[in-house]
$ cat run.txt   # compact mmCIF, C-alpha atoms and all ligand atoms
# COMPACT_ATOMS: atom_id res chain seq x y z
CA MET W 55 3.42 16.54 -17.82
CA THR W 56 0.53 15.14 -15.79
CA THR W 57 0.96 12.14 -13.49
CA VAL W 58 -2.09 9.88 -13.32
CA VAL W 59 -2.62 8.47 -9.80
CA ALA W 60 -5.16 5.61 -9.57
CA GLY W 61 -6.55 4.67 -6.17
CA ALA W 62 -6.48 8.34 -5.17
CA ASN W 63 -8.83 7.92 -2.19
CA GLY W 64 -6.81 5.06 -0.70
CA LEU W 65 -4.47 5.06 2.28
CA VAL W 66 -1.35 5.34 0.12
CA GLY W 67 -2.90 6.87 -3.02
CA SER W 68 -4.22 9.88 -1.10
CA ARG W 69 -0.75 10.61 0.29
CA ILE W 70 0.84 10.20 -3.15
CA VAL W 71 -1.63 12.73 -4.57
CA ALA W 72 -1.12 15.13 -1.63
CA ARG W 73 2.67 14.97 -1.90
CA LEU W 74 2.73 15.45 -5.70
CA VAL W 75 0.35 18.42 -5.42
CA GLU W 76 2.48 19.93 -2.61
CA ALA W 77 5.52 19.56 -4.90
CA GLY W 78 3.69 21.62 -7.54
CA GLU W 79 3.27 18.75 -9.99
CA ARG W 80 0.29 18.35 -12.28
CA VAL W 81 -1.79 15.38 -11.13
CA LEU W 82 -4.85 13.65 -12.49
CA ALA W 83 -6.26 11.74 -9.54
CA VAL W 84 -8.48 8.75 -10.31
CA GLY W 85 -10.81 7.19 -7.77
CA ARG W 86 -14.11 5.50 -7.13
CA GLY W 87 -16.90 7.92 -6.13
CA PRO W 88 -16.13 11.52 -5.18
CA LEU W 89 -12.70 12.70 -3.99
CA ARG W 90 -12.70 12.10 -0.24
CA PHE W 91 -9.87 14.33 0.98
CA ASP W 92 -8.95 17.94 0.71
CA ALA W 93 -6.75 18.64 -2.31
CA ASP W 94 -6.77 21.11 -5.14
CA VAL W 95 -6.44 18.51 -7.87
CA GLU W 96 -7.98 17.43 -11.16
CA TYR W 97 -10.06 14.35 -10.42
CA ALA W 98 -11.70 11.62 -12.53
CA GLN W 99 -14.29 9.25 -11.06
CA MET W 100 -13.90 5.71 -12.29
CA ASP W 101 -15.05 2.27 -11.24
CA LEU W 102 -12.25 -0.02 -12.34
CA LEU W 103 -14.51 -3.06 -12.05
CA ARG W 104 -17.14 -1.76 -14.43
CA GLU W 105 -15.17 0.48 -16.79
CA PRO W 106 -11.46 -0.39 -16.66
CA GLU W 107 -10.95 0.68 -20.28
CA LYS W 108 -11.59 4.29 -19.17
CA LEU W 109 -8.25 4.11 -17.35
CA ALA W 110 -6.50 3.20 -20.61
CA GLN W 111 -8.14 6.14 -22.42
CA LEU W 112 -7.08 8.48 -19.66
CA ILE W 113 -3.46 7.24 -19.63
CA GLU W 114 -3.24 7.61 -23.39
CA SER W 115 -4.63 11.16 -23.20
CA ALA W 116 -2.27 12.24 -20.36
CA PRO W 117 0.94 10.31 -20.95
CA GLY W 118 3.09 11.79 -18.15
CA GLY W 119 3.44 8.63 -16.08
CA VAL W 120 1.11 6.50 -14.00
CA ILE W 121 1.20 5.51 -10.33
CA ASN W 122 -1.30 2.75 -9.58
CA ALA W 123 -2.35 2.48 -5.93
CA ALA W 124 -5.81 1.07 -6.68
CA ALA W 125 -6.47 -2.50 -5.57
CA MET W 126 -8.89 -4.78 -3.83
CA THR W 127 -7.16 -4.81 -0.44
CA ASP W 128 -9.78 -6.67 1.60
CA VAL W 129 -7.81 -9.90 2.00
CA ASP W 130 -10.77 -12.01 3.20
CA GLY W 131 -13.12 -10.35 0.66
CA CYS W 132 -10.73 -11.46 -2.11
CA GLU W 133 -11.11 -15.06 -0.91
CA LYS W 134 -14.91 -14.75 -1.18
CA ARG W 135 -14.99 -12.75 -4.45
CA PRO W 136 -12.03 -13.96 -6.53
CA GLN W 137 -13.38 -12.56 -9.82
CA GLU W 138 -13.48 -9.07 -8.34
CA ALA W 139 -9.98 -9.56 -6.94
CA TRP W 140 -8.68 -10.65 -10.35
CA ALA W 141 -10.41 -7.74 -12.11
CA LEU W 142 -8.82 -5.13 -9.84
CA ASN W 143 -5.50 -6.67 -8.87
CA VAL W 144 -4.60 -8.18 -12.24
CA ARG W 145 -6.81 -7.03 -15.10
CA ALA W 146 -6.73 -3.31 -14.20
CA VAL W 147 -2.91 -3.49 -13.87
CA GLU W 148 -2.71 -5.26 -17.24
CA ILE W 149 -4.85 -2.54 -18.83
CA ALA W 150 -2.71 0.20 -17.28
CA ALA W 151 0.50 -1.55 -18.37
CA LEU W 152 -0.69 -1.96 -21.96
CA ALA W 153 -1.81 1.68 -22.08
CA CYS W 154 1.57 2.80 -20.70
CA SER W 155 3.32 0.72 -23.33
CA LYS W 156 1.18 2.29 -26.08
CA ALA W 157 1.67 5.82 -24.73
CA GLY W 158 5.41 5.30 -24.10
CA THR W 159 5.09 6.28 -20.47
CA ARG W 160 6.21 4.95 -17.09
CA LEU W 161 4.14 2.74 -14.79
CA THR W 162 4.75 2.40 -11.06
CA THR W 163 2.34 -0.02 -9.44
CA LEU W 164 1.96 -1.00 -5.79
CA SER W 165 2.15 -4.50 -4.39
CA THR W 166 2.44 -6.33 -1.11
CA ASP W 167 4.60 -8.32 1.31
CA TYR W 168 1.93 -11.05 0.98
CA VAL W 169 3.58 -12.23 -2.27
CA PHE W 170 5.83 -14.21 0.13
CA ASP W 171 4.74 -17.29 2.07
CA GLY W 172 6.12 -16.00 5.38
CA VAL W 173 8.32 -19.00 6.14
CA LYS W 174 11.76 -17.39 5.78
CA GLY W 175 11.10 -13.77 6.77
CA SER W 176 13.27 -10.69 6.07
CA TYR W 177 12.62 -10.89 2.36
CA ALA W 178 14.70 -9.10 -0.25
CA GLU W 179 13.34 -8.18 -3.68
CA ASP W 180 15.04 -11.16 -5.35
CA ASP W 181 13.65 -13.76 -2.95
CA PRO W 182 11.22 -16.00 -4.83
CA PRO W 183 7.56 -15.17 -4.20
CA ASN W 184 5.20 -17.92 -3.09
CA PRO W 185 1.82 -16.25 -2.61
CA ARG W 186 -0.90 -17.99 -0.63
CA GLY W 187 -4.56 -17.07 -0.95
CA VAL W 188 -6.47 -15.12 -3.58
CA TYR W 189 -5.35 -11.60 -2.53
CA ALA W 190 -1.68 -12.62 -2.53
CA ARG W 191 -1.90 -14.60 -5.78
CA THR W 192 -3.73 -11.84 -7.65
CA LYS W 193 -1.26 -9.22 -6.39
CA ARG W 194 1.65 -11.39 -7.60
CA ALA W 195 -0.09 -11.86 -10.97
CA GLY W 196 -0.53 -8.06 -11.12
CA GLU W 197 3.21 -7.63 -10.51
CA GLU W 198 3.93 -9.99 -13.41
CA ALA W 199 1.46 -8.20 -15.70
CA ALA W 200 3.19 -4.88 -15.00
CA LEU W 201 6.74 -6.24 -15.26
CA ILE W 202 6.04 -8.13 -18.49
CA LEU W 203 3.84 -5.63 -20.33
CA ALA W 204 5.11 -2.18 -19.38
CA PRO W 205 8.50 -1.30 -20.87
CA ASP W 206 9.31 1.33 -18.20
CA VAL W 207 8.12 -0.09 -14.89
CA ALA W 208 8.57 -0.30 -11.15
CA VAL W 209 6.70 -2.45 -8.64
CA CYS W 210 6.68 -0.99 -5.12
CA ARG W 211 5.82 -3.46 -2.35
CA VAL W 212 4.44 -1.97 0.85
CA ALA W 213 3.22 -3.73 4.01
CA VAL W 214 0.71 -3.27 6.86
CA VAL W 215 -0.04 0.32 5.93
CA TYR W 216 -1.29 2.84 8.50
CA SER W 217 -2.12 6.51 8.45
CA GLY W 218 -3.18 9.10 11.01
CA HIS W 219 -4.54 11.54 8.44
CA PRO W 220 -8.14 12.63 9.01
CA GLY W 221 -10.59 10.47 7.07
CA ALA W 222 -8.03 7.71 6.41
CA LYS W 223 -9.30 4.14 6.39
CA LYS W 224 -9.32 2.38 9.79
CA THR W 225 -6.27 0.17 10.11
CA PHE W 226 -4.83 -2.06 12.81
CA ALA W 227 -2.65 0.83 14.03
CA ALA W 228 -5.51 3.34 14.07
CA THR W 229 -7.74 0.92 16.00
CA ALA W 230 -4.91 0.21 18.45
CA LEU W 231 -4.34 3.95 18.93
CA GLU W 232 -8.03 4.55 19.61
CA SER W 233 -8.26 1.63 22.06
CA LEU W 234 -5.07 2.47 23.95
CA ARG W 235 -6.08 6.12 24.25
CA SER W 236 -9.51 5.24 25.62
CA GLY W 237 -8.31 2.47 27.95
CA LYS W 238 -9.90 -0.38 25.97
CA PRO W 239 -8.20 -3.74 25.28
CA VAL W 240 -6.59 -4.37 21.91
CA LYS W 241 -5.79 -7.81 20.49
CA ALA W 242 -2.42 -8.19 18.76
CA PHE W 243 -0.74 -11.18 17.11
CA THR W 244 2.38 -12.43 18.83
CA ASP W 245 3.40 -14.62 15.91
CA GLN W 246 3.20 -12.35 12.84
CA VAL W 247 6.33 -10.34 12.03
CA VAL W 248 5.79 -7.49 9.57
CA SER W 249 7.28 -4.24 8.27
CA PRO W 250 4.60 -1.70 9.27
CA THR W 251 4.56 1.16 6.77
CA LEU W 252 3.30 4.67 7.40
CA ALA W 253 1.24 5.58 4.31
CA ASP W 254 2.90 8.99 3.99
CA ASN W 255 6.37 7.40 4.12
CA ALA W 256 5.29 4.81 1.53
CA ALA W 257 4.14 7.71 -0.67
CA GLU W 258 7.55 9.41 -0.39
CA MET W 259 9.31 6.22 -1.41
CA VAL W 260 6.90 5.36 -4.24
CA ILE W 261 7.23 8.87 -5.69
CA GLY W 262 11.02 8.63 -5.34
CA VAL W 263 11.14 5.29 -7.15
CA HIS W 264 8.75 6.58 -9.82
CA ARG W 265 10.86 9.69 -10.49
CA SER W 266 14.14 7.74 -10.44
CA ARG W 267 13.09 5.75 -13.52
CA ALA W 268 14.70 2.68 -11.91
CA GLN W 269 13.28 -0.60 -13.20
CA GLY W 270 12.00 -3.64 -11.32
CA VAL W 271 10.80 -4.44 -7.82
CA PHE W 272 11.40 -2.24 -4.75
CA HIS W 273 10.42 -2.77 -1.13
CA CYS W 274 8.96 0.60 -0.05
CA ALA W 275 8.18 -0.43 3.51
CA GLY W 276 9.02 0.80 7.00
CA ALA W 277 12.59 0.06 8.09
CA THR W 278 11.69 -1.96 11.20
CA GLU W 279 10.61 -5.61 11.12
CA ILE W 280 8.54 -6.26 14.21
CA SER W 281 5.77 -8.50 15.56
CA ARG W 282 2.32 -6.94 15.70
CA ILE W 283 2.32 -7.18 19.48
CA ASP W 284 5.65 -5.36 19.79
CA PHE W 285 4.32 -2.72 17.39
CA CYS W 286 1.40 -2.19 19.81
CA ARG W 287 3.78 -2.07 22.76
CA ALA W 288 5.90 0.58 21.00
CA LEU W 289 2.73 2.60 20.34
CA ALA W 290 1.62 2.19 23.96
CA GLY W 291 5.08 3.39 25.05
CA LYS W 292 4.71 6.57 22.97
CA LEU W 293 1.26 7.20 24.46
CA ARG W 294 2.32 6.24 27.98
CA ALA W 295 -0.68 3.91 27.86
CA ASP W 296 -1.19 0.81 29.97
CA GLU W 297 0.57 -2.09 28.19
CA SER W 298 -1.65 -4.62 29.94
CA LEU W 299 -4.47 -3.49 27.60
CA ILE W 300 -2.63 -5.38 24.82
CA VAL W 301 -4.03 -8.90 24.61
CA PRO W 302 -1.69 -11.44 22.97
CA VAL W 303 -3.34 -13.70 20.36
CA LEU W 304 -2.09 -16.16 17.78
CA LEU W 305 -2.97 -15.63 14.12
CA ALA W 306 -4.46 -19.13 13.97
CA ASP W 307 -6.79 -18.32 16.91
CA LEU W 308 -8.80 -15.92 14.74
CA LYS W 309 -9.68 -18.52 12.08
CA LEU W 310 -9.64 -15.93 9.29
CA PRO W 311 -10.84 -17.01 5.80
CA ALA W 312 -7.61 -16.06 3.95
CA PRO W 313 -4.15 -17.38 4.82
CA ARG W 314 -1.70 -14.78 6.17
CA PRO W 315 2.09 -15.14 6.06
CA LEU W 316 3.71 -15.31 9.51
CA LYS W 317 7.21 -13.92 8.96
CA CYS W 318 6.94 -11.42 6.12
CA GLY W 319 9.27 -8.58 7.06
CA LEU W 320 10.70 -6.79 4.02
CA ARG W 321 14.31 -5.72 3.65
CA VAL W 322 14.63 -2.16 2.44
CA ASP W 323 18.35 -2.01 1.50
CA LYS W 324 17.57 -1.60 -2.20
CA VAL W 325 15.32 1.44 -1.79
CA ARG W 326 17.85 2.92 0.67
CA ARG W 327 20.58 2.61 -1.95
CA LEU W 328 18.32 4.26 -4.53
CA LEU W 329 16.76 7.06 -2.47
CA GLY W 330 18.94 7.55 0.62
CA ALA W 331 19.43 5.77 3.93
CA SER W 332 16.92 7.85 5.89
CA LEU W 333 13.93 7.42 3.63
CA PRO W 334 12.40 4.17 4.90
CA LEU W 335 11.50 5.39 8.39
CA PRO W 336 12.45 3.32 11.44
CA LEU W 337 9.45 2.55 13.64
CA ASP W 338 10.20 5.17 16.29
CA ALA W 339 10.21 8.04 13.76
CA ALA W 340 7.21 6.61 11.89
CA LEU W 341 5.15 6.44 15.09
CA ASP W 342 6.06 10.05 15.92
CA ARG W 343 4.80 11.12 12.48
CA PHE W 344 1.69 8.92 12.86
CA LEU W 345 0.82 10.57 16.18
CA ALA W 346 1.44 14.05 14.73
CA GLU W 347 -0.88 13.19 11.81
CA SER W 348 -3.54 11.95 14.25
CA ARG W 349 -3.50 15.30 16.05
CA THR W 350 -4.23 17.29 12.84
N1 LIG D 1 -3.23 -1.50 3.29
C1 LIG D 1 -2.24 -2.37 3.49
O1 LIG D 1 -1.97 -2.76 4.65
C2 LIG D 1 -1.42 -2.88 2.35
C3 LIG D 1 -0.43 -3.85 2.61
C4 LIG D 1 0.34 -4.32 1.56
C5 LIG D 1 0.16 -3.83 0.30
N2 LIG D 1 -0.80 -2.90 0.05
C6 LIG D 1 -0.97 -2.44 -1.34
O2 LIG D 1 -0.82 -1.03 -1.37
C7 LIG D 1 -1.61 -0.49 -2.42
C8 LIG D 1 -2.44 0.64 -1.88
O3 LIG D 1 -3.40 0.12 -0.96
P1 LIG D 1 -3.92 0.97 0.28
O4 LIG D 1 -3.21 0.52 1.45
O5 LIG D 1 -3.85 2.42 -0.06
O6 LIG D 1 -5.41 0.41 0.35
P2 LIG D 1 -6.79 1.11 0.13
O7 LIG D 1 -6.91 2.24 1.09
O8 LIG D 1 -7.81 0.02 0.18
O9 LIG D 1 -6.71 1.71 -1.33
C9 LIG D 1 -7.09 1.01 -2.49
C10 LIG D 1 -7.85 1.97 -3.39
O10 LIG D 1 -8.35 1.24 -4.52
C11 LIG D 1 -9.64 1.73 -4.79
N3 LIG D 1 -10.53 0.80 -5.45
C12 LIG D 1 -10.98 -0.39 -4.99
N4 LIG D 1 -11.89 -0.90 -5.84
C13 LIG D 1 -12.00 0.01 -6.85
C14 LIG D 1 -12.79 0.05 -8.03
N5 LIG D 1 -13.64 -0.93 -8.34
N6 LIG D 1 -12.66 1.10 -8.84
C15 LIG D 1 -11.81 2.10 -8.53
N7 LIG D 1 -11.04 2.13 -7.45
C16 LIG D 1 -11.14 1.07 -6.61
C17 LIG D 1 -10.23 1.99 -3.41
O11 LIG D 1 -11.35 2.85 -3.57
P3 LIG D 1 -12.27 3.21 -2.32
O12 LIG D 1 -11.44 4.16 -1.52
O13 LIG D 1 -13.47 3.82 -2.94
O14 LIG D 1 -12.54 1.92 -1.61
C18 LIG D 1 -9.07 2.59 -2.68
O15 LIG D 1 -9.06 3.98 -2.77
C19 LIG D 1 -2.38 -1.66 -3.01
O16 LIG D 1 -1.69 -2.14 -4.14
C20 LIG D 1 -2.34 -2.71 -1.92
O17 LIG D 1 -2.46 -4.01 -2.43
C21 LIG D 1 -1.59 -2.39 1.05

$ encode --input "run.txt" --output "structure tokens"
Amino acid sequence: MTTVVAGANGLVGSRIVARLVEAGERVLAVGRGPLRFDADVEYAQMDLLREPEKLAQLIESAPGGVINAAAMTDVDGCEKRPQEAWALNVRAVEIAALACSKAGTRLTTLSTDYVFDGVKGSYAEDDPPNPRGVYARTKRAGEEAALILAPDVAVCRVAVVYSGHPGAKKTFAATALESLRSGKPVKAFTDQVVSPTLADNAAEMVIGVHRSRAQGVFHCAGATEISRIDFCRALAGKLRADESLIVPVLLADLKLPAPRPLKCGLRVDKVRRLLGASLPLPLDAALDRFLAESRT
């Protein structure tokens, strides 16, 4: 059976593909433009904005399960281009869910901590979402499309993803690493508490949830809820870098176009019960793996 992985060039999608290939599974990777990382894998180029129906055809021709890690993840871009955000974060999920239903196959689709408003913090899967902003609202609508339309379905929420793999997209963590290593200042929010998630660890959890055939929503995030500034301090500690390079800022100071939740840590008890206590990595272990990835 072939697993279709959409969003194959992405931070998480690339690790899902790499891990499935390493496990000897047959994978059909789907991405925009050419494959951008090294893997011996069947690959289909597809622009989900222009030709989303191609995804349905592909799912129906290779009905061995679908993991969808494709999305419009540029939070401020979503605010400026809501139609694009809807097309990728809702319509493409709807198309995948309907195709999975027709083909009688499983759908696992990725979502975000931003489905919460960030008032309460430490969210469990059954806390009521209250998304703010176009990215968050379209991701929540995508969750609903998957949960309503696909008969065998899991939604895996990840958060503040980072990766040290060569060629991976620049993230907050990667920028902080670069700055701290080269003695440059790095700005970090003091007032946003998150569950930073190493992409490779997210991939392990998403694959685990997908294979388990468990239904519903799962938080596949890092095990440590922490402010962005303390995340930077932990990274600086690992690097023995000068902590005074970390410049405290408030989220509101940046006047970003899209709203961001303040306290949006995710509880990971449910995925621990499903996959084992050690799977969502605590920050210390995740940073060690991140630094090892960055040296490859
Ligand atoms: N990154 C985070 O911090 C974060 C936080 C919470 C939740 N999530 C969720 O995690 C999932 C995976 O995201 P990620 O972190 O891996 O982000 P990512 O690196 O931006 O991956 C998203 C993938 O979607 C692809 N894509 C975008 N537009 C497309 C189009 N028109 N046609 C085909 N493919 C298209 C992108 O292709 P290109 O590579 O060509 O751009 C990219 O490979 C998403 O559901 C996201 O909402 C991410």

$ closest_residue --input "run.txt" --among "W:Gly196, W:Pro183, W:Gly85, W:Gly237" --to "Leu164 of chain W" --atoms "only C-alpha atoms"
W:Gly196

$ residues_near_point --input "run.txt" --point "(1.5, 1.3, 28.9)" --cutoff "12 Å" --atoms "all atoms listed in the file" --output "MDAnalysis selection string"
chainID W and resid 231 233:235 237:239 286:300

$ residues_near_ligand --input "run.txt" --ligand "ligand LIG 1 (chain D)" --cutoff "8 Å" --atoms "all atoms listed in the file" --output "PyMOL selection string"
chain W and resi 60-68+84-87+99-104+122-128+142-143+163-168+193+211-216+222-223+225+251+253

$ closest_residue --input "run.txt" --among "W:Val71, W:Ala230, W:Val263, W:Ala139" --to "Arg282 of chain W" --atoms "only C-alpha atoms"
W:Ala230

$ closest_residue --input "run.txt" --among "W:Asp206, W:Asp342, W:Glu197, W:Glu347" --to "Ala268 of chain W" --atoms "only C-alpha atoms"
W:Asp206

$ closest_residue --input "run.txt" --among "W:Gly172, W:Gly118, W:Pro182, W:Gly187" --to "Pro136 of chain W" --atoms "all atoms listed in the file"
W:Gly187

$ atom_distance --input "run.txt" --atom1 "atom CA of Ile70 of chain W" --atom2 "atom CA of Ala340 of chain W"
16.7 Å

$ atom_distance --input "run.txt" --atom1 "atom CA of Ala306 of chain W" --atom2 "atom CA of Ala190 of chain W"
18.0 Å

$ atom_distance --input "run.txt" --atom1 "atom CA of Ser249 of chain W" --atom2 "atom CA of Val58 of chain W"
27.4 Å

$ closest_residue --input "run.txt" --among "W:Lys174, W:Gly221, W:Val271, W:Val260" --to "Val120 of chain W" --atoms "all atoms listed in the file"
W:Val260

$ residues_around --input "run.txt" --residues "Ser281 of chain W" --least-positions-apart "5" --cutoff "12 Å" --atoms "only C-alpha atoms" --output "PDB file with C-alpha atoms, in the coordinates of the input"
ATOM      1  CA  GLY W 175      11.100 -13.770   6.770  1.00  0.00           C
ATOM      2  CA  VAL W 214       0.710  -3.270   6.860  1.00  0.00           C
ATOM      3  CA  ALA W 242      -2.420  -8.190  18.760  1.00  0.00           C
ATOM      4  CA  PHE W 243      -0.740 -11.180  17.110  1.00  0.00           C
ATOM      5  CA  THR W 244       2.380 -12.430  18.830  1.00  0.00           C
ATOM      6  CA  ASP W 245       3.400 -14.620  15.910  1.00  0.00           C
ATOM      7  CA  GLN W 246       3.200 -12.350  12.840  1.00  0.00           C
ATOM      8  CA  VAL W 247       6.330 -10.340  12.030  1.00  0.00           C
ATOM      9  CA  VAL W 248       5.790  -7.490   9.570  1.00  0.00           C
ATOM     10  CA  SER W 249       7.280  -4.240   8.270  1.00  0.00           C
ATOM     11  CA  PRO W 250       4.600  -1.700   9.270  1.00  0.00           C
ATOM     12  CA  CYS W 286       1.400  -2.190  19.810  1.00  0.00           C
ATOM     13  CA  ARG W 287       3.780  -2.070  22.760  1.00  0.00           C
ATOM     14  CA  ALA W 288       5.900   0.580  21.000  1.00  0.00           C
ATOM     15  CA  PRO W 302      -1.690 -11.440  22.970  1.00  0.00           C
ATOM     16  CA  VAL W 303      -3.340 -13.700  20.360  1.00  0.00           C
ATOM     17  CA  LEU W 304      -2.090 -16.160  17.780  1.00  0.00           C
ATOM     18  CA  LEU W 305      -2.970 -15.630  14.120  1.00  0.00           C
ATOM     19  CA  LEU W 316       3.710 -15.310   9.510  1.00  0.00           C
ATOM     20  CA  LYS W 317       7.210 -13.920   8.960  1.00  0.00           C
ATOM     21  CA  CYS W 318       6.940 -11.420   6.120  1.00  0.00           C
ATOM     22  CA  GLY W 319       9.270  -8.580   7.060  1.00  0.00           C
ATOM     23  CA  LEU W 337       9.450   2.550  13.640  1.00  0.00           C
TER      24      LEU W 337
END

$ residues_around --input "run.txt" --residues "Gly158 of chain W" --least-positions-apart "4" --cutoff "8 Å" --atoms "all atoms listed in the file" --output "list in words"
Pro117, Cys154 and Pro205 of chain W

$ closest_residue --input "run.txt" --among "W:Val325, W:Ala72, W:Val144, W:Leu310" --to "Ala200 of chain W" --atoms "only C-alpha atoms"
W:Val144
